[in-house]
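Visitor: This is query_1.txt (compact mmCIF, C-alpha atoms and all ligand atoms).
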```txt
# COMPACT_ATOMS: atom_id res chain seq x y z
CA MET A 298 10.51 -7.37 -20.72
CA GLU A 299 7.00 -7.51 -22.15
CA ARG A 300 4.90 -4.39 -22.51
CA SER A 301 1.10 -4.44 -22.43
CA HIS A 302 -1.70 -1.97 -21.84
CA HIS A 303 -4.73 -1.97 -19.59
CA SER A 304 -7.12 0.99 -19.88
CA LYS A 305 -5.00 4.07 -19.03
CA PHE A 306 -2.05 2.04 -17.78
CA THR A 307 1.13 0.84 -19.48
CA ILE A 308 2.43 -2.35 -17.88
CA ASP A 309 6.05 -3.56 -18.20
CA SER A 310 6.39 -7.15 -16.99
CA TYR A 311 9.76 -8.62 -16.02
CA GLN A 312 10.65 -12.13 -14.88
CA ASN A 313 13.12 -10.94 -12.26
CA LEU A 314 14.32 -7.56 -11.03
CA PRO A 315 16.30 -6.33 -8.04
CA SER A 316 13.28 -4.16 -7.13
CA THR A 317 10.38 -2.75 -9.16
CA ASN A 318 10.56 0.43 -7.07
CA ASP A 319 14.28 0.92 -7.78
CA LEU A 320 13.90 0.43 -11.53
CA MET A 321 10.93 2.80 -11.61
CA LEU A 322 12.90 5.44 -9.69
CA GLU A 323 15.84 5.15 -12.07
CA LEU A 324 13.65 5.42 -15.17
CA ALA A 325 11.66 8.30 -13.69
CA HIS A 326 14.86 10.23 -12.96
CA ASN A 327 15.87 9.76 -16.57
CA HIS A 328 12.43 10.99 -17.68
CA GLN A 329 11.69 7.67 -19.35
CA ILE A 330 8.42 7.06 -17.56
CA ASN A 331 5.03 8.72 -17.74
CA HIS A 332 1.99 8.97 -15.52
CA ASN A 333 0.20 5.61 -14.99
CA HIS A 334 3.20 3.44 -15.78
CA VAL A 335 3.43 0.06 -14.04
CA ILE A 336 6.44 -2.20 -13.56
CA VAL A 337 5.71 -5.73 -12.37
CA ALA A 338 8.16 -8.55 -11.64
CA ASP A 339 7.64 -12.29 -11.01
CA SER A 340 10.36 -12.12 -8.36
CA GLN A 341 12.75 -9.58 -6.82
CA ASP A 342 16.27 -10.09 -5.46
CA GLN A 343 16.40 -6.88 -3.46
CA GLY A 344 12.78 -6.08 -2.71
CA HIS A 345 12.53 -3.63 0.15
CA GLY A 346 9.91 -2.56 2.62
CA ARG A 347 9.45 0.18 5.17
CA TYR A 348 12.27 1.00 7.61
CA GLY A 349 14.81 -0.32 5.11
CA ARG A 350 13.68 -3.89 5.73
CA ASP A 351 13.92 -6.59 3.09
CA TRP A 352 10.71 -7.58 1.36
CA SER A 353 10.93 -11.30 0.72
CA SER A 354 10.05 -11.68 -2.98
CA PRO A 355 10.02 -15.29 -4.24
CA LYS A 356 8.09 -16.24 -7.37
CA GLY A 357 4.34 -16.68 -6.86
CA ASN A 358 3.41 -13.39 -5.18
CA LEU A 359 2.65 -10.03 -6.77
CA TYR A 360 5.29 -7.27 -6.81
CA PHE A 361 4.67 -4.07 -8.68
CA SER A 362 5.20 -0.32 -8.75
CA LEU A 363 2.91 2.32 -10.19
CA LEU A 364 4.09 5.82 -11.03
CA VAL A 365 1.70 8.74 -10.88
CA LYS A 366 2.20 12.46 -11.32
CA PRO A 367 -0.50 14.11 -9.24
CA ASN A 368 -1.22 17.76 -9.65
CA LYS A 369 -1.18 18.23 -5.87
CA GLN A 370 0.81 19.85 -3.12
CA ILE A 371 3.67 17.85 -1.65
CA GLU A 372 1.89 17.45 1.72
CA GLU A 373 -0.82 15.48 -0.05
CA PHE A 374 1.46 13.06 -1.89
CA SER A 375 1.79 10.70 1.06
CA LEU A 376 -2.00 10.39 1.25
CA LEU A 377 -1.81 8.31 -1.90
CA SER A 378 -0.86 5.35 0.27
CA PHE A 379 -4.42 5.45 1.64
CA VAL A 380 -5.79 5.64 -1.91
CA ALA A 381 -3.72 2.57 -2.78
CA ALA A 382 -4.77 0.78 0.41
CA ILE A 383 -8.49 1.10 -0.23
CA ALA A 384 -8.02 0.09 -3.87
CA LEU A 385 -6.06 -2.98 -2.75
CA SER A 386 -8.52 -4.07 -0.05
CA LYS A 387 -11.40 -3.70 -2.53
CA THR A 388 -9.43 -5.83 -4.98
CA ILE A 389 -8.90 -8.59 -2.43
CA GLU A 390 -12.59 -8.43 -1.48
CA LYS A 391 -13.57 -9.26 -5.02
CA PHE A 392 -11.74 -12.59 -4.83
CA ARG A 393 -12.71 -13.67 -1.31
CA ASN A 394 -15.79 -15.40 0.01
CA ASP A 395 -17.35 -13.91 3.11
CA SER A 396 -15.35 -15.76 5.71
CA GLN A 397 -12.26 -13.55 5.57
CA GLU A 398 -12.06 -10.21 7.31
CA ILE A 399 -10.04 -7.64 5.43
CA SER A 400 -8.76 -4.56 7.22
CA HIS A 401 -6.47 -1.53 6.84
CA LYS A 402 -3.62 -1.32 9.30
CA TRP A 403 -2.19 2.18 9.74
CA PRO A 404 -0.39 3.55 7.91
CA ASN A 405 -0.36 1.33 4.85
CA ASP A 406 -0.74 -2.40 5.34
CA ILE A 407 -3.58 -4.69 4.38
CA LEU A 408 -4.56 -7.46 6.77
CA ILE A 409 -6.61 -10.59 6.34
CA ASN A 410 -7.93 -12.05 9.58
CA ASP A 411 -5.53 -9.71 11.45
CA LYS A 412 -2.42 -10.90 9.61
CA LYS A 413 -0.46 -8.84 7.09
CA VAL A 414 -1.06 -9.88 3.49
CA ALA A 415 0.22 -6.79 1.66
CA GLY A 416 2.45 -3.76 2.15
CA ILE A 417 2.74 -0.45 0.37
CA LEU A 418 5.90 1.63 0.04
CA LEU A 419 5.87 5.13 -1.45
CA LYS A 420 8.93 6.65 -3.11
CA SER A 421 9.32 10.08 -4.53
CA ASP A 422 12.16 11.93 -6.22
CA GLY A 423 15.01 13.68 -4.49
CA ASN A 424 13.39 17.05 -4.95
CA ILE A 425 11.48 16.88 -1.68
CA SER A 426 10.10 20.41 -1.83
CA ASN A 427 8.67 19.94 -5.28
CA PRO A 428 8.40 16.28 -6.23
CA SER A 429 7.14 15.66 -9.71
CA PHE A 430 6.08 12.06 -9.29
CA ILE A 431 5.32 9.42 -6.73
CA ILE A 432 5.97 5.70 -6.98
CA ILE A 433 3.56 3.38 -5.23
CA GLY A 434 5.24 0.03 -4.62
CA ILE A 435 3.02 -2.87 -3.61
CA GLY A 436 3.80 -6.39 -2.49
CA LEU A 437 0.86 -8.79 -2.15
CA ASN A 438 1.45 -12.26 -0.71
CA ILE A 439 -0.44 -14.75 -2.85
CA ASN A 440 1.00 -18.19 -2.10
CA SER A 441 3.79 -17.58 0.41
CA HIS A 442 4.80 -15.26 3.22
CA PRO A 443 7.80 -14.85 5.50
CA GLU A 444 7.59 -16.40 8.98
CA ASP A 445 10.00 -14.19 10.89
CA THR A 446 8.14 -10.87 10.81
CA ASN A 447 7.41 -8.43 13.66
CA PHE A 448 3.72 -8.48 12.83
CA LYS A 449 2.31 -11.86 11.81
CA ALA A 450 2.09 -12.33 8.03
CA THR A 451 -0.09 -14.48 5.79
CA ASN A 452 -0.89 -15.04 2.11
CA LEU A 453 -4.15 -15.25 0.17
CA GLU A 454 -4.02 -19.02 -0.38
CA SER A 455 -3.43 -19.74 3.31
CA GLU A 456 -6.55 -17.70 4.01
CA LYS A 457 -8.51 -19.83 1.50
CA ILE A 458 -8.55 -17.28 -1.30
CA SER A 459 -7.24 -19.47 -4.09
CA ASN A 460 -7.17 -20.05 -7.87
CA LEU A 461 -5.81 -16.58 -8.34
CA ASN A 462 -4.31 -15.12 -11.44
CA ARG A 463 -1.76 -12.39 -10.72
CA GLU A 464 -2.49 -10.53 -13.94
CA GLU A 465 -6.18 -10.43 -13.14
CA ILE A 466 -5.50 -9.14 -9.62
CA LEU A 467 -3.21 -6.41 -10.97
CA LYS A 468 -5.81 -5.27 -13.52
CA GLU A 469 -8.54 -5.25 -10.90
CA PHE A 470 -6.30 -3.18 -8.62
CA LEU A 471 -5.54 -0.67 -11.39
CA ASP A 472 -9.26 -0.25 -12.18
CA ASN A 473 -10.00 0.36 -8.50
CA PHE A 474 -7.04 2.68 -8.07
CA ASP A 475 -8.17 4.74 -11.03
CA ILE A 476 -11.59 5.30 -9.43
CA PHE A 477 -10.24 6.31 -6.00
CA TYR A 478 -7.40 8.38 -7.47
CA GLU A 479 -9.91 10.46 -9.45
CA GLU A 480 -12.00 10.83 -6.32
CA PHE A 481 -8.92 12.03 -4.42
CA LEU A 482 -8.05 14.56 -7.14
CA ASN A 483 -11.61 15.87 -7.36
CA PHE A 484 -12.80 15.77 -3.76
CA GLY A 485 -9.62 15.59 -1.68
CA PHE A 486 -8.78 13.24 1.17
CA ALA A 487 -12.18 13.27 2.97
CA PRO A 488 -13.91 10.47 0.98
CA ILE A 489 -10.71 8.37 1.00
CA ARG A 490 -10.32 8.82 4.76
CA ASN A 491 -13.93 7.68 5.32
CA LEU A 492 -13.47 4.56 3.23
CA TRP A 493 -10.17 3.78 4.92
CA LEU A 494 -11.68 4.21 8.40
CA LYS A 495 -14.57 1.84 7.63
CA LYS A 496 -12.12 -1.05 7.67
CA ALA A 497 -9.50 0.31 10.05
CA PHE A 498 -7.75 -2.33 12.16
CA ARG A 499 -8.49 -1.81 15.90
CA LEU A 500 -10.28 1.52 15.56
CA ASN A 501 -11.55 2.58 19.03
CA LYS A 502 -9.46 -0.18 20.56
CA THR A 503 -6.15 -0.26 22.34
CA ILE A 504 -3.07 -0.59 20.15
CA ASN A 505 0.64 -0.98 20.81
CA VAL A 506 2.72 1.51 18.92
CA ASN A 507 6.47 1.63 18.29
CA LEU A 508 7.64 5.22 17.96
CA VAL A 509 11.21 6.15 17.07
CA ASP A 510 12.33 6.42 20.68
CA GLN A 511 9.54 4.83 22.73
CA LYS A 512 6.77 2.27 22.84
CA MET A 513 3.28 3.18 23.87
CA THR A 514 -0.14 1.63 24.38
CA ALA A 515 -3.17 3.81 23.71
CA CYS A 516 -6.60 3.89 22.13
CA PHE A 517 -6.73 4.36 18.34
CA LYS A 518 -9.23 7.22 18.09
CA ASP A 519 -9.11 8.50 14.54
CA LEU A 520 -7.22 9.33 11.39
CA ASN A 521 -6.83 13.06 10.78
CA ASN A 522 -6.94 15.00 7.50
CA SER A 523 -3.20 14.60 7.05
CA GLY A 524 -3.30 10.82 7.44
CA ASN A 525 -1.88 10.97 10.98
CA LEU A 526 -2.88 8.55 13.69
CA ILE A 527 -4.85 10.08 16.57
CA LEU A 528 -4.32 8.27 19.86
CA GLY A 529 -6.00 8.84 23.20
CA GLY A 530 -4.31 7.87 26.44
CA GLU A 531 -5.93 6.96 29.75
CA ASP A 532 -5.26 10.52 30.88
CA ASN A 533 -7.44 11.68 27.97
CA GLU A 534 -4.47 13.33 26.42
CA VAL A 535 -4.65 13.23 22.64
CA LYS A 536 -1.52 12.38 20.65
CA ILE A 537 -1.02 12.91 16.94
CA ILE A 538 1.40 10.43 15.42
CA SER A 539 2.82 10.92 11.94
CA SER A 540 5.28 8.04 11.83
CA ALA A 541 5.21 4.81 13.81
CA GLU A 542 4.47 1.12 13.58
CA ILE A 543 1.60 -0.74 15.18
CA PHE A 544 2.65 -4.12 16.54
CA SER A 545 0.68 -7.13 17.73
C1 LIG B 601 6.13 -2.73 3.63
O1 LIG B 601 7.17 -2.67 4.30
O2 LIG B 601 5.09 -3.13 4.14
C2 LIG B 601 6.11 -2.27 2.19
C3 LIG B 601 6.48 -3.38 1.24
C4 LIG B 601 6.52 -2.97 -0.20
C5 LIG B 601 7.05 -4.06 -1.11
C6 LIG B 601 6.91 -3.73 -2.56
S1 LIG B 601 7.15 -5.13 -3.62
C7 LIG B 601 7.16 -4.09 -5.03
C8 LIG B 601 7.94 -2.85 -4.65
N1 LIG B 601 9.35 -3.04 -4.85
C9 LIG B 601 10.03 -3.02 -3.69
O3 LIG B 601 11.28 -3.18 -3.59
N2 LIG B 601 9.19 -2.80 -2.67
C10 LIG B 601 7.83 -2.66 -3.11
```
Have the structure of the file written as structure tokens, please.

Guide:
Amino acid sequence: MERSHHSKFTIDSYQNLPSTNDLMLELAHNHQINHNHVIVADSQDQGHGRYGRDWSSPKGNLYFSLLVKPNKQIEEFSLLSFVAAIALSKTIEKFRNDSQEISHKWPNDILINDKKVAGILLKSDGNISNPSFIIIGIGLNINSHPEDTNFKATNLESEKISNLNREEILKEFLDNFDIFYEEFLNFGFAPIRNLWLKKAFRLNKTINVNLVDQKMTACFKDLNNSGNLILGGEDNEVKIISSAEIFS
């Protein structure tokens, strides 16, 4: 492991880990990790994504976890995925030319030209009623992506964003995250929500949504103050969705 520092952040870099999220969780439980600590790995053997899925993690892409200890109520912890999403899309924007469209897919994916290029997975401690930290795990496809995914995936190089340096991308992300995190702490979710909505995938358009027990097709109307998806059906009935997956 090599330790380095970038502004407020401490970065531990590993060649290979089972999962940066798992190691961070273990160290956080043992109180060995402070606010703004980052663990990054060149590859992961047991990277995981949402819904307990595997996150394919060969060498060449970026896999990292960031631990923060926000002085916020538990209900607001999950909103940090939107803070991370806007920091990540801004990061990608810095390295693109103007031909690629970057968007935010609810709840926490980043798309390039309507294909998934990055995912975000939040983890907190077992003390659900009073968590003391949150781990933001991010996987960004740089030169490869899996083919067999529910929602089509891509990587930066396939979308003609090339000559990338993973360290530089990570530092750029951390600088952006720092700005939006401070904004979130000082002004709450409203400014984050606005920025997220500006690049929301299929806003005011029909989307297909997989809920736990049903599939539905409806218009994506808005994001509410709790980060929930607001859908409108043909019958004008409004639905508030807190957990689901948008599919192609
Ligand atoms: C998703 O399902 O979209 C979320 C994917 C999150 C993957 C990242 S890679 C770094 C960190 N470690 C993990 O095991 N998962 C996250």

Visitor: Any residue with an atom at most 7 Å from ligand LIG 601 (chain B) counts, using only C-alpha atoms and all ligand atoms. Which are they? Put them as a VMD selection string.

Guide: chain A and resid 316 to 319 343 to 347 350 352 360 to 362 406 415 to 418 434 to 436

Visitor: Could you give me the axis-aligned bounding box of region 387-403 of chain A, with 8 Å of padding per side, as centre plus edge lengths in Å to one decimal, as lines of an AutoDock Vina configuration file?

Guide:
```
center_x = -9.8
center_y = -6.8
center_z = 2.4
size_x = 31.2
size_y = 33.9
size_z = 30.8
```

Visitor: Quick one: contact table of region 391-458 of chain A to region 500-505 of chain A, 12 Å max, nearest atom pair and distance in Å to one decimal per residue, counting only C-alpha atoms, chain and number order, as a tab-separated table?

Guide:
```
residue	atom	partner	partner_atom	distance
A:Ser400	CA	A:Leu500	CA	10.4
A:His401	CA	A:Leu500	CA	10.0
A:Lys402	CA	A:Leu500	CA	9.6
A:Trp403	CA	A:Leu500	CA	10.0
A:Phe448	CA	A:Asn505	CA	11.4
```

Visitor: Restricting the calculation to only C-alpha atoms, which member of A:Asn438, A:Ser353, A:Asn331, A:Ser340 is positioned closest to Val365 (chain A)?

Guide: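 Among A:Asn438, A:Ser353, A:Asn331, A:Ser340, it is A:Asn331 that comes nearest to Val365 (chain A).
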
Visitor: Counting only C-alpha atoms, which residues of region 351-425 of chain A fall within 7 Å of region 450-462 of chain A, and what is the closest atom pair for each with its distance in Å at one decimal, ordered by chain and rising number, as a Markdown table?

Guide:
```
| residue | atom | partner | partner_atom | distance |
| --- | --- | --- | --- | --- |
| A:Phe392 | CA | A:Ile458 | CA | 6.7 |
| A:Arg393 | CA | A:Ile458 | CA | 5.5 |
| A:Lys412 | CA | A:Ala450 | CA | 5.0 |
| A:Lys413 | CA | A:Ala450 | CA | 4.4 |
| A:Val414 | CA | A:Thr451 | CA | 5.2 |
```

Visitor: Do you know which residues lie at most 12 Å from (-6.6, 2.2, -17.3), with coordinates as in the file and all atoms listed in the file counted, and could you write them as a short mmCIF file (atom, residue, chain, number, x, y, z; two decimals) with C-alpha atoms, in the frame of the given file?

Guide:
```
data_model
loop_
_atom_site.label_atom_id
_atom_site.label_comp_id
_atom_site.auth_asym_id
_atom_site.auth_seq_id
_atom_site.Cartn_x
_atom_site.Cartn_y
_atom_site.Cartn_z
CA SER A 301 1.10 -4.44 -22.43
CA HIS A 302 -1.70 -1.97 -21.84
CA HIS A 303 -4.73 -1.97 -19.59
CA SER A 304 -7.12 0.99 -19.88
CA LYS A 305 -5.00 4.07 -19.03
CA PHE A 306 -2.05 2.04 -17.78
CA THR A 307 1.13 0.84 -19.48
CA ILE A 308 2.43 -2.35 -17.88
CA HIS A 332 1.99 8.97 -15.52
CA ASN A 333 0.20 5.61 -14.99
CA HIS A 334 3.20 3.44 -15.78
CA VAL A 335 3.43 0.06 -14.04
CA LEU A 363 2.91 2.32 -10.19
CA LEU A 467 -3.21 -6.41 -10.97
CA LYS A 468 -5.81 -5.27 -13.52
CA GLU A 469 -8.54 -5.25 -10.90
CA PHE A 470 -6.30 -3.18 -8.62
CA LEU A 471 -5.54 -0.67 -11.39
CA ASP A 472 -9.26 -0.25 -12.18
CA ASN A 473 -10.00 0.36 -8.50
CA PHE A 474 -7.04 2.68 -8.07
CA ASP A 475 -8.17 4.74 -11.03
CA ILE A 476 -11.59 5.30 -9.43
CA TYR A 478 -7.40 8.38 -7.47
CA GLU A 479 -9.91 10.46 -9.45
#
```

Visitor: Go ahead and compute the interatomic distance for CA of Leu376 (chain A) and CA of Asp342 (chain A), in Å to one decimal.

Guide: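 Separating CA of Leu376 (chain A) from CA of Asp342 (chain A) is a distance of 28.3 Å.
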
Visitor: CA of Val337 (chain A) to CA of Ile431 (chain A): how many Å, to one decimal?

Guide: 16.2 Å

Visitor: Which residues are near Tyr311 (chain A)? Cut-off 7 Å, only C-alpha atoms, ignore same chain within fewer than 5 positions. Put them as a VMD selection string.

Guide: chain A and resid 298 to 299 337 to 339

Visitor: State, in Å with one decimal place, the distance from CA of Leu526 (chain A) to CA of Gln370 (chain A).

Guide: 20.6 Å

Visitor: Using all atoms listed in the file, pick whichever of A:Lys420, A:Lys369, A:Arg300, A:His326 has the shortest atom-to-atom distance to Gly485 (chain A).

Guide: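 Nearest candidate to Gly485 (chain A) out of A:Lys420, A:Lys369, A:Arg300, A:His326: A:Lys369.
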
Visitor: If we count only C-alpha atoms and set the cut-off at 10 Å, which residues sit around Lys512 (chain A), ignoring sequence neighbours fewer than 2 positions away in its own chain? Please answer as a short mmCIF file (atom, residue, chain, number, x, y, z; two decimals) with C-alpha atoms, keeping the file's coordinate frame.

Guide:
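Final file, around.cif:
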```
data_model
loop_
_atom_site.label_atom_id
_atom_site.label_comp_id
_atom_site.auth_asym_id
_atom_site.auth_seq_id
_atom_site.Cartn_x
_atom_site.Cartn_y
_atom_site.Cartn_z
CA ASN A 505 0.64 -0.98 20.81
CA VAL A 506 2.72 1.51 18.92
CA ASN A 507 6.47 1.63 18.29
CA LEU A 508 7.64 5.22 17.96
CA VAL A 509 11.21 6.15 17.07
CA ASP A 510 12.33 6.42 20.68
CA THR A 514 -0.14 1.63 24.38
CA ALA A 541 5.21 4.81 13.81
CA GLU A 542 4.47 1.12 13.58
CA ILE A 543 1.60 -0.74 15.18
CA PHE A 544 2.65 -4.12 16.54
#
```

Visitor: Check the smallest atom-to-atom distance from each of A:Ser386, A:Ser396, A:Leu377, A:Asn410 to Phe481 (chain A) using all atoms listed in the file, then report the winner.

Guide: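 Looking at the shortest contact to Phe481 (chain A), the residue is A:Leu377.
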
Visitor: Do you know which residues are at most 9 Å from region 489-491 of chain A counting all atoms listed in the file, after dropping those on the same chain fewer than 4 positions away, and could you put them as a list in words?

Guide: Leu376, Phe379, Val380, Ile383, Phe477, Glu480, Phe481, Gly485, Lys495, Leu520, Asn521, Asn522 and Gly524 of chain A
